[in-house]
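Raw input_35.cif, mmCIF, C-alpha atoms:
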data_start
#
loop_
_atom_site.label_atom_id
_atom_site.label_comp_id
_atom_site.auth_asym_id
_atom_site.auth_seq_id
_atom_site.Cartn_x
_atom_site.Cartn_y
_atom_site.Cartn_z
CA MET K 15 0.00 0.00 0.00
CA THR K 16 1.21 3.48 -0.84
CA SER K 17 0.90 5.98 1.98
CA VAL K 18 -0.88 9.30 1.58
CA ALA K 19 2.37 11.14 2.17
CA ASN K 20 4.06 9.77 -0.91
CA LEU K 21 1.05 9.55 -3.21
CA GLN K 22 2.44 12.41 -5.27
CA THR K 23 6.10 11.36 -5.25
CA ASP K 24 5.82 7.65 -5.98
CA PRO K 25 6.88 7.09 -9.59
CA ALA K 26 4.43 4.21 -9.95
CA PRO K 27 1.02 5.53 -11.03
CA ILE K 28 -1.72 5.20 -8.44
CA LEU K 29 -4.54 3.25 -10.10
CA ALA K 30 -6.91 3.17 -7.14
CA CYS K 31 -7.45 4.44 -3.62
CA THR K 32 -9.39 3.24 -0.65
CA VAL K 33 -11.33 6.05 1.01
CA SER K 34 -12.49 5.52 4.58
CA ARG K 35 -12.54 6.84 8.11
CA ASP K 36 -9.99 4.16 9.07
CA VAL K 37 -8.94 1.53 6.54
CA GLN K 38 -7.68 -0.71 9.37
CA ASN K 39 -11.34 -1.48 10.06
CA PHE K 40 -11.43 -3.19 6.65
CA GLU K 41 -8.51 -5.63 6.79
CA LEU K 42 -9.99 -7.90 4.12
CA LEU K 43 -10.20 -4.92 1.78
CA ILE K 44 -6.50 -4.18 2.33
CA ASP K 45 -5.62 -7.78 1.49
CA ASP K 46 -7.75 -7.79 -1.65
CA MET K 47 -6.43 -4.43 -2.85
CA GLU K 48 -2.85 -5.63 -2.46
CA HIS K 49 -3.70 -8.84 -4.28
CA GLU K 50 -5.37 -7.01 -7.19
CA LEU K 51 -3.12 -3.93 -7.49
CA GLY K 52 0.17 -4.64 -5.75
CA GLU K 53 1.71 -1.29 -4.80
CA SER K 54 -0.39 0.74 -7.26
CA TRP K 55 -2.94 1.88 -4.73
CA GLY K 56 -3.20 4.30 -1.85
CA ASP K 57 -5.31 4.97 1.21
CA LEU K 58 -7.05 8.29 1.85
CA SER K 59 -9.33 9.77 4.44
CA PHE K 60 -12.54 11.45 3.27
CA GLU K 61 -10.95 14.91 3.60
CA ASP K 62 -7.74 13.90 1.81
CA ALA K 63 -9.70 12.24 -0.99
CA LEU K 64 -11.43 15.51 -1.90
CA THR K 65 -8.08 17.32 -1.96
CA PHE K 66 -6.25 14.62 -3.92
CA MET K 67 -8.90 14.31 -6.64
CA GLU K 68 -8.42 18.00 -7.43
CA GLN K 69 -4.71 17.46 -8.09
CA PRO K 70 -3.18 16.46 -11.47
CA ASP K 71 -1.81 13.22 -10.04
CA SER K 72 -5.36 11.91 -9.66
CA ALA K 73 -5.62 11.62 -13.45
CA SER K 74 -4.22 8.07 -13.25
CA LEU K 75 -6.99 6.88 -10.90
CA GLU K 76 -9.20 4.16 -12.32
CA PHE K 77 -11.43 3.92 -9.28
CA ILE K 78 -11.84 4.63 -5.61
CA ALA K 79 -13.15 2.09 -3.10
CA ILE K 80 -15.23 3.93 -0.52
CA ALA K 81 -15.43 1.80 2.63
CA VAL K 82 -18.15 2.74 5.11
CA ASP K 83 -19.70 1.20 8.19
CA GLY K 84 -22.51 2.06 10.57
CA GLN K 85 -20.47 4.77 12.31
CA ASP K 86 -20.19 6.74 9.05
CA GLU K 87 -23.94 7.25 8.71
CA SER K 88 -23.84 10.33 10.90
CA ASP K 89 -21.50 12.02 8.43
CA LEU K 90 -22.92 11.07 5.04
CA SER K 91 -22.48 14.57 3.63
CA ARG K 92 -18.68 14.19 3.43
CA ILE K 93 -19.03 10.80 1.78
CA THR K 94 -21.55 12.05 -0.75
CA ASP K 95 -19.14 14.90 -1.59
CA VAL K 96 -16.45 12.32 -2.33
CA VAL K 97 -18.79 10.34 -4.60
CA ARG K 98 -19.91 13.47 -6.47
CA THR K 99 -16.34 14.68 -6.95
CA ALA K 100 -15.21 11.29 -8.23
CA LYS K 101 -18.07 11.12 -10.73
CA ALA K 102 -17.30 14.66 -11.90
CA LYS K 103 -13.70 13.56 -12.54
CA SER K 104 -14.88 10.38 -14.36
CA ILE K 105 -13.37 8.20 -11.62
CA LYS K 106 -15.23 4.94 -10.98
CA VAL K 107 -16.63 4.33 -7.51
CA VAL K 108 -17.05 0.97 -5.80
CA LEU K 109 -18.89 1.06 -2.48
CA ILE K 110 -17.77 -1.30 0.31
CA ALA K 111 -20.46 -1.36 3.01
CA ASP K 112 -20.41 -3.00 6.43
CA GLN K 113 -23.67 -2.91 8.41
CA VAL K 114 -24.92 0.24 6.73
CA SER K 115 -28.66 0.89 6.86
CA PRO K 116 -30.62 0.45 3.63
CA ILE K 117 -31.56 4.17 3.61
CA ALA K 118 -27.92 5.33 3.76
CA LEU K 119 -26.86 2.70 1.24
CA HIS K 120 -29.66 3.69 -1.09
CA GLN K 121 -28.59 7.34 -0.90
CA LEU K 122 -24.98 6.52 -1.79
CA LEU K 123 -25.96 4.21 -4.64
CA ARG K 124 -28.29 6.82 -6.06
CA LEU K 125 -25.37 9.25 -6.31
CA GLY K 126 -23.83 7.01 -8.94
CA ALA K 127 -21.61 4.38 -7.33
CA ASP K 128 -20.55 2.04 -10.13
CA ASP K 129 -20.57 -1.11 -8.03
CA PHE K 130 -21.42 -2.36 -4.56
CA VAL K 131 -19.69 -5.06 -2.52
CA PRO K 132 -20.80 -6.07 0.99
CA TYR K 133 -18.27 -6.40 3.80
CA PRO K 134 -16.86 -8.82 4.87
CA LEU K 135 -15.86 -9.23 1.23
CA PRO K 136 -17.00 -12.49 -0.38
CA GLU K 137 -14.13 -14.32 -2.04
CA GLY K 138 -13.38 -12.83 -5.46
CA ALA K 139 -16.03 -10.10 -5.08
CA LEU K 140 -13.59 -7.18 -5.36
CA HIS K 141 -11.88 -8.78 -8.35
CA ASP K 142 -15.24 -9.19 -10.10
CA ALA K 143 -16.19 -5.58 -9.32
CA ILE K 144 -12.89 -4.30 -10.76
CA GLU K 145 -13.40 -6.39 -13.89
CA ARG K 146 -16.89 -4.97 -14.37
CA MET K 147 -15.65 -1.42 -13.95
CA ARG K 148 -12.80 -1.93 -16.40
CA ARG K 149 -14.98 -3.53 -19.05
CA PRO K 150 -16.18 -0.25 -20.64
CA ALA K 151 -12.57 0.48 -21.62
CA GLN K 152 -12.90 -2.35 -24.18
CA VAL K 153 -14.71 -0.20 -26.70
CA PRO K 154 -15.38 -2.76 -29.47
CA ALA K 155 -16.79 -5.35 -27.06
CA VAL K 156 -18.99 -2.80 -25.33
CA ALA K 157 -20.33 -1.51 -28.63
CA GLU K 158 -21.38 -5.03 -29.58
CA THR K 159 -23.03 -5.55 -26.23
CA GLN K 160 -24.88 -2.28 -26.42
CA ASP K 161 -26.09 -2.92 -29.95
CA HIS K 162 -27.14 -6.40 -29.01
CA GLY K 163 -28.79 -5.14 -25.83
CA ALA K 164 -30.71 -2.48 -27.74
CA GLU K 165 -32.22 -5.18 -29.92
CA GLN K 166 -33.28 -7.13 -26.84
CA VAL K 167 -35.02 -4.31 -24.99
CA ARG K 168 -38.64 -4.80 -25.93
CA THR K 169 -41.15 -3.69 -23.37
CA PRO K 170 -44.72 -5.02 -23.06
CA SER K 171 -46.96 -3.67 -25.82
CA PHE K 172 -50.25 -3.96 -23.93
CA LYS K 173 -51.71 -1.19 -21.80
CA PRO K 174 -52.16 -1.90 -18.10
CA LYS K 175 -55.83 -2.16 -17.22
CA GLY K 176 -55.60 -3.81 -13.83
CA ASP K 177 -58.23 -6.32 -14.89
CA ARG K 178 -56.35 -9.54 -14.07
CA ASP K 179 -55.75 -11.59 -10.94
CA ALA K 180 -52.61 -13.62 -11.48
CA VAL K 181 -51.56 -16.87 -9.92
CA VAL K 182 -48.34 -16.14 -7.99
CA LEU K 183 -45.70 -18.88 -8.16
CA PRO K 184 -42.43 -18.16 -6.31
CA VAL K 185 -39.49 -20.53 -6.79
CA HIS K 186 -37.02 -20.84 -3.91
CA GLY K 187 -33.83 -22.89 -4.08
CA LEU K 188 -33.18 -24.59 -0.75
CA ALA K 189 -29.46 -24.92 -1.51
CA GLY K 190 -27.02 -23.50 -4.02
CA GLY K 191 -27.05 -25.02 -7.49
CA VAL K 192 -30.32 -26.93 -7.19
CA GLY K 193 -31.61 -25.40 -10.45
CA ALA K 194 -34.19 -22.96 -9.11
CA THR K 195 -33.54 -20.24 -11.70
CA THR K 196 -33.49 -22.76 -14.56
CA PHE K 197 -36.83 -24.10 -13.35
CA ALA K 198 -38.34 -20.61 -12.89
CA VAL K 199 -37.30 -19.45 -16.36
CA ASN K 200 -38.52 -22.57 -18.13
CA LEU K 201 -41.76 -22.78 -16.14
CA ALA K 202 -42.55 -19.16 -17.03
CA TRP K 203 -41.80 -19.80 -20.71
CA GLU K 204 -43.88 -22.99 -20.82
CA LEU K 205 -46.81 -21.17 -19.18
CA ALA K 206 -46.53 -18.37 -21.75
CA ASN K 207 -46.75 -20.97 -24.54
CA VAL K 208 -49.12 -23.48 -22.96
CA THR K 209 -51.73 -22.90 -25.68
CA LYS K 210 -51.40 -21.61 -29.23
CA THR K 211 -54.67 -19.72 -29.09
CA ASP K 212 -55.20 -17.09 -26.41
CA PRO K 213 -52.18 -17.98 -24.23
CA PRO K 214 -52.04 -16.58 -20.71
CA ARG K 215 -50.13 -13.39 -20.00
CA VAL K 216 -47.04 -14.35 -17.97
CA CYS K 217 -44.36 -12.35 -16.20
CA LEU K 218 -41.16 -13.45 -14.48
CA LEU K 219 -39.84 -11.39 -11.56
CA ASP K 220 -36.19 -11.82 -10.63
CA LEU K 221 -35.97 -10.78 -6.98
CA ASP K 222 -32.42 -12.03 -6.46
CA PHE K 223 -30.85 -8.56 -6.52
CA GLN K 224 -27.31 -9.90 -6.12
CA TYR K 225 -26.93 -13.00 -8.26
CA GLY K 226 -30.14 -13.03 -10.32
CA ALA K 227 -29.54 -14.84 -13.62
CA THR K 228 -32.86 -14.73 -15.45
CA ALA K 229 -31.46 -12.03 -17.76
CA THR K 230 -28.50 -14.29 -18.55
CA TYR K 231 -30.65 -17.36 -19.17
CA LEU K 232 -32.87 -15.40 -21.59
CA ASP K 233 -30.12 -13.19 -23.05
CA LEU K 234 -31.84 -9.99 -21.97
CA ALA K 235 -30.38 -6.60 -21.13
CA ARG K 236 -30.26 -5.56 -17.47
CA ARG K 237 -31.68 -2.07 -17.25
CA GLU K 238 -31.07 0.81 -14.86
CA VAL K 239 -34.80 1.51 -14.77
CA VAL K 240 -35.23 -1.65 -12.68
CA PHE K 241 -33.15 -0.06 -9.92
CA GLU K 242 -35.22 3.11 -10.21
CA ILE K 243 -38.45 1.16 -9.68
CA LEU K 244 -37.00 -0.72 -6.70
CA SER K 245 -35.76 2.54 -5.20
CA ASP K 246 -39.17 4.20 -5.24
CA THR K 247 -42.00 1.69 -5.45
CA ALA K 248 -44.34 4.08 -3.61
CA ASN K 249 -44.40 6.36 -6.65
CA ALA K 250 -44.32 3.59 -9.26
CA ASP K 251 -47.49 2.74 -11.15
CA SER K 252 -48.39 -0.09 -13.51
CA ASP K 253 -47.23 1.92 -16.54
CA SER K 254 -43.73 2.50 -15.18
CA PHE K 255 -43.57 -1.06 -13.85
CA LEU K 256 -44.36 -2.53 -17.27
CA GLN K 257 -41.91 -0.19 -18.99
CA ALA K 258 -39.17 -1.51 -16.70
CA MET K 259 -39.80 -5.02 -18.03
CA THR K 260 -38.17 -6.64 -21.03
CA THR K 261 -40.13 -8.94 -23.32
CA PHE K 262 -38.61 -12.21 -24.49
CA ASN K 263 -39.79 -13.36 -27.93
CA ASP K 264 -42.96 -11.25 -27.59
CA ARG K 265 -44.40 -13.76 -25.12
CA LEU K 266 -42.70 -13.62 -21.73
CA HIS K 267 -42.37 -10.37 -19.77
CA VAL K 268 -39.36 -10.23 -17.46
CA PHE K 269 -38.51 -7.90 -14.59
CA THR K 270 -34.79 -8.67 -14.46
CA ALA K 271 -32.43 -8.24 -11.54
CA PRO K 272 -30.77 -4.78 -11.56
CA PRO K 273 -27.46 -4.30 -13.41
CA ASP K 274 -25.43 -3.91 -10.21
CA MET K 275 -25.30 -6.04 -7.10
CA LEU K 276 -27.60 -4.61 -4.43
CA PRO K 277 -28.24 -5.59 -0.80
CA LEU K 278 -31.34 -7.71 -0.46
CA ASP K 279 -32.74 -5.31 2.14
CA ILE K 280 -32.68 -2.38 -0.30
CA VAL K 281 -36.44 -3.00 -0.45
CA THR K 282 -39.00 -3.46 2.32
CA PRO K 283 -41.89 -5.93 2.57
CA ASP K 284 -44.21 -3.11 1.46
CA ASP K 285 -42.05 -2.49 -1.64
CA ILE K 286 -42.19 -6.15 -2.64
CA GLY K 287 -45.92 -6.23 -1.92
CA ARG K 288 -46.49 -3.32 -4.30
CA LEU K 289 -44.45 -5.01 -7.06
CA ILE K 290 -46.37 -8.28 -6.79
CA ASP K 291 -49.70 -6.49 -6.57
CA MET K 292 -48.98 -4.59 -9.80
CA ALA K 293 -47.90 -7.81 -11.48
CA GLN K 294 -51.00 -9.64 -10.28
CA GLN K 295 -53.30 -6.94 -11.63
CA ASN K 296 -51.86 -7.14 -15.16
CA PHE K 297 -50.89 -10.79 -15.69
CA ASP K 298 -52.39 -14.26 -15.47
CA PHE K 299 -49.31 -15.94 -13.99
CA VAL K 300 -46.47 -14.37 -12.00
CA VAL K 301 -43.39 -16.56 -11.58
CA ILE K 302 -40.90 -15.23 -9.03
CA ASP K 303 -37.24 -16.27 -8.87
CA MET K 304 -36.39 -15.86 -5.19
CA PRO K 305 -32.97 -15.48 -3.56
CA SER K 306 -31.97 -18.54 -1.56
CA THR K 307 -31.59 -16.29 1.50
CA ILE K 308 -34.59 -15.71 3.77
CA VAL K 309 -35.05 -11.94 4.09
CA SER K 310 -37.50 -9.56 5.74
CA TRP K 311 -39.74 -9.48 2.66
CA THR K 312 -39.89 -13.26 2.10
CA GLU K 313 -43.03 -13.20 4.25
CA ALA K 314 -44.69 -10.73 1.86
CA VAL K 315 -44.06 -13.11 -1.05
CA LEU K 316 -45.20 -16.15 0.89
CA HIS K 317 -48.51 -14.53 1.86
CA ARG K 318 -49.27 -13.61 -1.77
CA ALA K 319 -48.16 -16.95 -3.21
CA HIS K 320 -50.72 -19.47 -4.37
CA VAL K 321 -48.04 -22.16 -4.41
CA TYR K 322 -44.50 -21.66 -3.11
CA PHE K 323 -42.13 -24.03 -4.94
CA ALA K 324 -39.18 -25.23 -2.83
CA MET K 325 -36.44 -26.73 -4.99
CA MET K 326 -34.20 -29.42 -3.52
CA GLU K 327 -31.93 -32.29 -4.41
CA LEU K 328 -31.42 -35.77 -3.02
CA ASP K 329 -28.69 -34.79 -0.59
CA LEU K 330 -28.14 -34.00 3.08
CA ARG K 331 -27.83 -30.21 2.69
CA SER K 332 -31.26 -30.01 1.07
CA ALA K 333 -32.76 -32.17 3.80
CA GLN K 334 -31.24 -30.04 6.55
CA ASN K 335 -32.42 -26.84 4.89
CA VAL K 336 -35.97 -28.16 4.56
CA LEU K 337 -36.02 -28.70 8.32
CA ARG K 338 -34.59 -25.23 8.97
CA LEU K 339 -37.06 -23.53 6.65
CA VAL K 340 -40.13 -25.30 7.99
CA ARG K 341 -39.00 -24.66 11.57
CA ALA K 342 -38.52 -20.95 10.84
CA LEU K 343 -41.92 -20.61 9.15
CA LYS K 344 -43.72 -22.42 11.95
CA ALA K 345 -41.98 -20.28 14.59
CA GLU K 346 -43.38 -17.16 12.92
CA ALA K 347 -46.81 -18.73 12.29
CA LEU K 348 -46.34 -18.32 8.54
CA PRO K 349 -48.27 -20.44 6.00
CA HIS K 350 -45.73 -23.26 5.55
CA GLU K 351 -48.48 -25.39 4.02
CA LYS K 352 -48.06 -23.40 0.80
CA LEU K 353 -44.68 -25.06 0.22
CA ARG K 354 -44.61 -27.55 -2.64
CA TYR K 355 -41.39 -29.54 -2.76
CA ILE K 356 -39.73 -30.22 -6.10
CA LEU K 357 -36.87 -32.70 -6.35
CA ASN K 358 -34.48 -31.77 -9.12
CA ARG K 359 -32.13 -34.30 -10.74
CA ALA K 360 -34.36 -37.06 -9.44
CA PRO K 361 -33.29 -40.69 -9.98
CA ARG K 362 -34.42 -42.55 -13.06
CA PHE K 363 -37.42 -44.83 -12.92
CA THR K 364 -35.21 -47.91 -13.09
CA ASP K 365 -32.96 -46.80 -10.20
CA LEU K 366 -34.93 -48.55 -7.48
CA ALA K 367 -32.34 -47.99 -4.76
CA ALA K 368 -32.35 -44.23 -5.30
CA LYS K 369 -36.15 -44.23 -5.51
CA GLY K 370 -36.17 -45.81 -2.08
CA ARG K 371 -33.88 -43.05 -0.79
CA VAL K 372 -36.33 -40.43 -2.07
CA LYS K 373 -39.20 -42.11 -0.24
CA ARG K 374 -37.24 -42.39 3.02
CA MET K 375 -36.12 -38.76 2.72
CA ALA K 376 -39.70 -37.54 2.34
CA GLU K 377 -40.88 -39.68 5.26
CA SER K 378 -38.08 -38.53 7.57
CA LEU K 379 -38.76 -34.87 6.74
CA ASP K 380 -42.53 -35.36 6.97
CA ILE K 381 -43.08 -33.76 3.58
CA ALA K 382 -44.56 -34.77 0.24
CA ILE K 383 -42.26 -34.46 -2.76
CA GLU K 384 -44.93 -33.76 -5.35
CA VAL K 385 -42.77 -33.19 -8.42
CA GLN K 386 -39.63 -35.05 -9.43
CA LEU K 387 -37.65 -33.52 -12.27
CA PRO K 388 -35.13 -35.63 -14.21
CA ASP K 389 -31.56 -34.54 -14.82
CA GLY K 390 -31.54 -32.62 -18.09
CA GLY K 391 -27.79 -33.11 -18.53
CA ALA K 392 -25.44 -30.91 -20.52
CA GLN K 393 -28.28 -29.59 -22.69
CA VAL K 394 -29.54 -27.53 -19.74
CA THR K 395 -26.20 -25.73 -19.28
CA GLN K 396 -25.94 -25.19 -23.03
CA ALA K 397 -29.44 -23.68 -23.21
CA ASN K 398 -28.70 -21.36 -20.29
CA ASP K 399 -25.40 -20.26 -21.81
CA HIS K 400 -27.12 -19.57 -25.13
CA GLY K 401 -29.80 -17.52 -23.39
CA LEU K 402 -32.72 -19.66 -24.55
CA PRO K 403 -35.37 -21.80 -22.83
CA LEU K 404 -35.01 -25.55 -23.21
CA SER K 405 -37.99 -25.75 -25.56
CA GLU K 406 -36.07 -23.60 -28.05
CA THR K 407 -32.86 -25.65 -28.01
CA ALA K 408 -33.75 -29.15 -26.81
CA ALA K 409 -37.50 -29.65 -27.01
CA LYS K 410 -37.22 -33.39 -26.38
CA ASN K 411 -35.08 -33.01 -23.27
CA PRO K 412 -36.67 -34.99 -20.39
CA LEU K 413 -36.46 -32.00 -18.02
CA ARG K 414 -38.23 -29.79 -20.54
CA LYS K 415 -41.02 -32.35 -20.94
CA GLU K 416 -41.64 -32.50 -17.20
CA VAL K 417 -41.67 -28.71 -16.80
CA ALA K 418 -44.09 -28.42 -19.74
CA LYS K 419 -46.32 -31.05 -18.12
CA LEU K 420 -46.33 -29.11 -14.85
CA ALA K 421 -47.11 -25.84 -16.67
CA LYS K 422 -50.07 -27.49 -18.42
CA SER K 423 -51.34 -28.82 -15.12
CA LEU K 424 -51.12 -25.37 -13.49
CA PHE K 425 -52.89 -23.80 -16.46
CA ASP K 426 -55.69 -26.37 -16.41
CA ILE K 427 -56.21 -26.02 -12.65
CA ASN K 428 -56.41 -22.25 -12.99
CA LYS K 429 -58.88 -22.53 -15.87
CA SER K 430 -61.08 -24.86 -13.84
CA ALA K 431 -61.01 -22.45 -10.91
CA GLU K 432 -62.02 -19.56 -13.19
CA VAL K 433 -64.91 -21.58 -14.60
CA ALA K 434 -66.06 -22.48 -11.08
CA LYS K 435 -66.00 -18.80 -10.09
CA GLY K 436 -67.87 -17.77 -13.22
#
Would you write the structure of this file as structure tokens?
Amino acid sequence: MTSVANLQTDPAPILACTVSRDVQNFELLIDDMEHELGESWGDLSFEDALTFMEQPDSASLEFIAIAVDGQDESDLSRITDVVRTAKAKSIKVVLIADQVSPIALHQLLRLGADDFVPYPLPEGALHDAIERMRRPAQVPAVAETQDHGAEQVRTPSFKPKGDRDAVVLPVHGLAGGVGATTFAVNLAWELANVTKTDPPRVCLLDLDFQYGATATYLDLARREVVFEILSDTANADSDSFLQAMTTFNDRLHVFTAPPDMLPLDIVTPDDIGRLIDMAQQNFDFVVIDMPSTIVSWTEAVLHRAHVYFAMMELDLRSAQNVLRLVRALKAEALPHEKLRYILNRAPRFTDLAAKGRVKRMAESLDIAIEVQLPDGGAQVTQANDHGLPLSETAAKNPLRKEVAKLAKSLFDINKSAEVAKG
């Protein structure tokens, strides 16, 4: 690390600076900065940062990493001055936040921070943030992405009338890598194409604000307007909500995760309630890709859900997490009976030993595994990487067939319910 005193005399250009009240409070940040930049970085206080950015030597700065914790909330004005000055000098800003309230974090992000990383730093998170900030320097690649993205940004063509009452279907992965996003994306697409004549109107909400991948799996642009809606749901209406969506192949309407990683508590239960209510009023089915983490607004989703799909695999971690989830829901008197368990990568029909394990697992957990999805194999990864649903790349894939069967069943049940009401 280069000290503040020799920032101006060190012959090596300073590519980045940490800016904080006391960088020693962020030891992991020091380690990661040294790993990424060697000696080409410095440490500044908030006052020194404002002074240094006005000097010619700051021209070499690629970015500043502003590290804040709960104690800094009482002095946000100085920090906002640093962010504004950096943006005026075209210096990138990555925000490192440790136990900062959502209101303060929201204010700093609104000022134009280019990236956000929570503290303690997840492994590789700073490296990924630096890579994302450096990417715009690759002009040809960015131009292709922007042109391609412009083609993809198609918003819903219908006018919101508020005349619908959608079925809400959240999908929650009970462990990492169980295929929840793949299932959510393909279920939404199958519902949108369940009939050739008068298909239902379907939207997919990606509420995983940190690692949401629905945009990747459908090759859609992530748009800043999504963050604007999340930041101010109280003033959002159905028109602005629909305009924040992107339409895939003129059939499926997607509210993607925002472009930058955001804390999951950037929104409140009321915010999420408003989003789902607007979606319900304008669509027939609302599929929600949930983060695997239980957050304050999970309850709001659970209460509005008609069926809450819990994705799992035939392994111990899934079994343990089922017990944890059910215990947590029961402790809060939440409607755990809405959970419908889906076993992904289920054993083949001929694998009797594994079938027995599934039965014993369900009995020991006191649950019913109502849907068993086969392993779709390499075709699933290929479809996701190509940004297309399975039906578009591997229509005969066994996983695709089962998801299509489930979508048809949900559609038929909903139709029967509508007829009964009528």
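Shortest separation to K:Gly390 among K:Asn411, K:Thr195, K:Asn200, K:Asn358 occurs at residue K:Asn411, atoms counted being all atoms listed in the file.
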_Which residues are near stretch 424-430 of chain K? Cut-off 8 Å, all atoms listed in the file, ignore same chain within fewer than 5 positions. Put them as a list in words._
Val181, Leu205 and Val208 of chain K
*Written as number ranges by chain, what is the full residue list that the PyMOL selection byres ((chain K and resi 67-76) around 8) yields on the file shown?*
K: 22, 27-31, 63-66, 77-78, 99-100, 103, 105-106
*Fewer than 2 positions away in the same chain doesn't count, so skip those; otherwise give me all residues within 6 Å of stretch 247-260 of chain K, counting all atoms listed in the file, as a list of chain:residue names.*
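Residues near the query, excluding close chain neighbours: K:Val167, K:Arg168, K:Thr169, K:Val239, K:Val240, K:Ile243, K:Leu244, K:His267, K:Val268, K:Phe269, K:Asp285, K:Met292.
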*I need the residue set behind the PyMOL selection byres ((chain K and resi 333) around 10) for this file; please write it as a list in words.*
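Answer for the PyMOL selection byres ((chain K and resi 333) around 10): Leu188, Ala189, Met326, Glu327, Leu328, Asp329, Leu330, Arg331, Ser332, Gln334, Asn335, Val336, Leu337, Arg338, Met375, Ala376, Ser378 and Leu379 of chain K.
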*Just how far from atom CA of K:Glu406 is atom CA of K:Asn207, in Å to one decimal?*
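Interatomic distance, atom CA of K:Asn207 to atom CA of K:Glu406: 11.5 Å.
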*Expressed in Å to a single decimal, how great is the separation between atom CA of K:Glu238 and atom CA of K:Glu50?*
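Atom CA of K:Glu238 sits 27.9 Å away from atom CA of K:Glu50.
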*Distance of atom CA of K:Phe223 from atom CA of K:Val82, expressed in Å to one decimal place*: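 Rounded to one decimal, the two atoms are 20.6 Å apart.
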*Among the residues K:His120, K:Arg265, K:His141, K:Arg215, the one that comes closest to K:Asp246 [using all atoms listed in the file]*: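 Of K:His120, K:Arg265, K:His141, K:Arg215, the one nearest K:Asp246 is K:His120, counting all atoms listed in the file.
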_I need the residue nearest K:Phe241 from this list: K:Tyr322, K:Thr228, K:Arg341, K:Gly126. Use only C-alpha atoms for the distance._
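Looking at the shortest contact to K:Phe241, the residue is K:Gly126.
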*On this file, the PyMOL selection byres ((chain K and resi 236) around 8) gives some set of residues; write that set as a PyMOL selection string.*
chain K and resi 229+234-235+237-238+240+270-273
Counting all atoms listed in the file, what is within 9 Å of K:Met325, bar same-chain residues fewer than 3 positions away, as a PDB file with C-alpha atoms, in the frame of the given file?
ATOM      1  CA  VAL K 185     -39.490 -20.530  -6.790  1.00  0.00           C
ATOM      2  CA  HIS K 186     -37.020 -20.840  -3.910  1.00  0.00           C
ATOM      3  CA  GLY K 187     -33.830 -22.890  -4.080  1.00  0.00           C
ATOM      4  CA  LEU K 188     -33.180 -24.590  -0.750  1.00  0.00           C
ATOM      5  CA  ALA K 189     -29.460 -24.920  -1.510  1.00  0.00           C
ATOM      6  CA  VAL K 192     -30.320 -26.930  -7.190  1.00  0.00           C
ATOM      7  CA  GLY K 193     -31.610 -25.400 -10.450  1.00  0.00           C
ATOM      8  CA  ALA K 194     -34.190 -22.960  -9.110  1.00  0.00           C
ATOM      9  CA  PHE K 197     -36.830 -24.100 -13.350  1.00  0.00           C
ATOM     10  CA  SER K 332     -31.260 -30.010   1.070  1.00  0.00           C
ATOM     11  CA  ARG K 354     -44.610 -27.550  -2.640  1.00  0.00           C
ATOM     12  CA  TYR K 355     -41.390 -29.540  -2.760  1.00  0.00           C
ATOM     13  CA  ILE K 356     -39.730 -30.220  -6.100  1.00  0.00           C
ATOM     14  CA  LEU K 357     -36.870 -32.700  -6.350  1.00  0.00           C
ATOM     15  CA  ASN K 358     -34.480 -31.770  -9.120  1.00  0.00           C
TER      16      ASN K 358
END
*Can you list, as a PyMOL selection string, every protein, DNA or RNA residue that comes within 10 Å of K:Pro349 when you count only C-alpha atoms, leaving out same-chain residues fewer than 2 positions away?*
chain K and resi 313+316-317+319+322+340+343-344+346-347+351-353
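Distances to K:Gly138 were evaluated for K:Ile290, K:Asp95, K:Leu43, K:Gly370 using all atoms listed in the file, and the minimum falls at K:Leu43.
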_Restricting the calculation to all atoms listed in the file: of K:Ile308, K:Leu221, K:Ala198, K:Asp83, which residue gets closest to K:Leu289?_
K:Leu221
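With all atoms listed in the file taken into account, the protein and nucleic acid residues at most 12 Å from K:Gln85 (excluding it and anything under 2 positions from it in its own chain) are K:Ser34, K:Arg35, K:Asp36, K:Asn39, K:Ala81, K:Val82, K:Asp83, K:Glu87, K:Ser88, K:Asp89, K:Leu90, K:Ala111, K:Asp112, K:Gln113, K:Val114, K:Ser115, K:Ala118.
Considering the residues K:Pro213, K:Gly391, K:Gly226, K:Gly191 and counting only C-alpha atoms, K:Arg414 has its shortest atom-to-atom contact with K:Gly391.
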